[in-house]
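**Student:** Pasting a structure below so you can have a look.
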Amino acid sequence: MGASSSTDNKESSKKREIESLAASTGALPLLQQSFSKLADSQTNTLSFQSFKQSFTFRYNTTTCEGDQPIPDSFPRLLEHLGLSLVDLFFVYKKEGWLSWVEFAQGYVKCYGRMSASMLYNTLLRLFHVTAKNAGFPLKLEFESDEADCKITGSISMVQLLMFLWICWTMSWCGRSSDLFLPVISHLILLAVVSCTEPGTSLDVWDSDVFGVELQLPVGEILTWSLTTISSLTECLSHFCNSRLQLSLNDGCGPSKSTG
């Protein structure tokens with residue numbers, strides 16, 4: 001009986017801690033409503049597979065504003081993005097079912113109160129896992145599973161383009177059933193200038209940089225991103241909140257909506 005009481009106290013303490021962390025993001029009411037809507041009323045647990053389906057999305061069309069060609073691998077990234085996010089951050093103990101604490105904890109792992117550098121690490125980890133699931137692994141290594149871990153390796157300019165477009169896509173979620181990608185070649189050029197060694201023979205202003213096999217060190221990319229496009233990290237919370245809100249608006253539970 002004593003052991004049972006101790007276990008109950010630990011579980012209650014963990015529940016309060018996770019709910020407090022979720023509340024600090026401002027998303028606790030949305031999480032509570034989503035879990036109540038999607039969870040099995042008998043077991044008060046959420047089917048992991050059904051939850052994954054609520055993060056599945058597709059657009060009617062995907063176009064770029066300018067003449068920048070969309071890499072063939074980008075649609076595959078979009079196909080795996082939501083599923084990879086759920087697999088990466090939401091972990092269950094009971095086979096195939098998420099408890100309320102596990103559900104809220106997954107959200108906190110995805111977008112808790114973290115520094116901008118930790119959020120960028122989280123975005124890169126999501127991009128890394130999504131690319132691997134889509135069939136083209138990146139040259140990145142993560143020292144641990146912690147959000148503030150060291151990342152080593154490099155990414156190509158095309159991969160940087162797709163990373164930024166993935167972030168844009170997450171920020172676009174819920175706006176339209178068609179995806180419009182912005183022209184960001186100027187950002188890629190700025191990244192190349194900032195992240196390559198002085199004296200590099202490549203003339204970025206007079207070259208097709210996307211046709212050049214140039215790898216950019218991920219550490220330099222992180223530093224450049226933090227100083228140039230620090231607000232990009234907000235895309236993750238927008239995406240998660242939008243998918244959860246869409247699941248609430250769908251009368252059938254897990255969303256099948258586009259965008």
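Ordered as shown in the structure tokens, chains take letters A, B, and onward, while each chain numbers its residues from 1 and ligands are numbered from 1 in the order shown.
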Report as a ChimeraX atom specification all protein, DNA and RNA residues lying within 10 Å of Leu85 of chain A, evaluated on only C-alpha atoms, omitting residues in the same chain fewer than 5 positions from it.

**Tutor:** /A:52,55,80,90,106,110,123,125-127,129-130,236,240

**Student:** Would you save the residues of that selection, restricted to C-alpha atoms, as a JSON list (two decimals), in the first residue's frame?

**Tutor:**
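Printed below is selection-v6.json as written:
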[["chain", "number", "residue", "atom", "x", "y", "z"],
["A", 52, "LYS", "CA", -0.51, 10.46, -36.26],
["A", 55, "PHE", "CA", -0.76, 15.35, -38.48],
["A", 80, "HIS", "CA", 6.69, 12.51, -44.03],
["A", 90, "PHE", "CA", 5.42, 11.71, -28.66],
["A", 106, "GLY", "CA", 5.32, 15.30, -26.29],
["A", 110, "CYS", "CA", 8.42, 19.71, -29.37],
["A", 123, "LEU", "CA", 13.89, 22.05, -36.08],
["A", 125, "ARG", "CA", 16.45, 17.27, -35.70],
["A", 126, "LEU", "CA", 12.93, 17.16, -37.16],
["A", 127, "PHE", "CA", 14.30, 17.94, -40.64],
["A", 129, "VAL", "CA", 14.44, 12.58, -39.21],
["A", 130, "THR", "CA", 11.97, 13.64, -41.91],
["A", 236, "LEU", "CA", 6.95, 24.74, -35.01],
["A", 240, "CYS", "CA", 1.46, 21.87, -33.93]]

**Student:** Rounded to one decimal, what separation in Å do you get between atom CA of Ala191 of chain A and atom CA of Ser225 of chain A?

**Tutor:**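 Atom CA of Ser225 of chain A lies 8.3 Å from atom CA of Ala191 of chain A.
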
**Student:** Using only C-alpha atoms, which of A:Pro182, A:Pro217, A:Gly96, A:Gly112 sits nearest Ser154 of chain A?

**Tutor:**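 Looking at the shortest contact to Ser154 of chain A, the residue is A:Pro217.
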
**Student:** To one decimal place in Å, what is the distance between atom CA of Ser73 of chain A and atom CA of Cys173 of chain A?

**Tutor:** 19.7 Å

**Student:** What parts of segment 130-224 of chain A does DSSP call strand (DSSP E or B)? I'd like the answer as a list of chain:residue names.

**Tutor:** A:Lys139, A:Leu140, A:Glu141, A:Phe142, A:Ile151, A:Thr152, A:Gly153, A:Ser154, A:Ile155, A:Ser156, A:Leu179, A:Phe180, A:Leu181, A:Gln215, A:Leu216, A:Pro217

**Student:** Pick the closest to Arg113 of chain A from A:Ala23, A:His186, A:Gln215, A:Cys64: which is it, counting only C-alpha atoms?

**Tutor:**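 Smallest separation from Arg113 of chain A among the options: A:Ala23.
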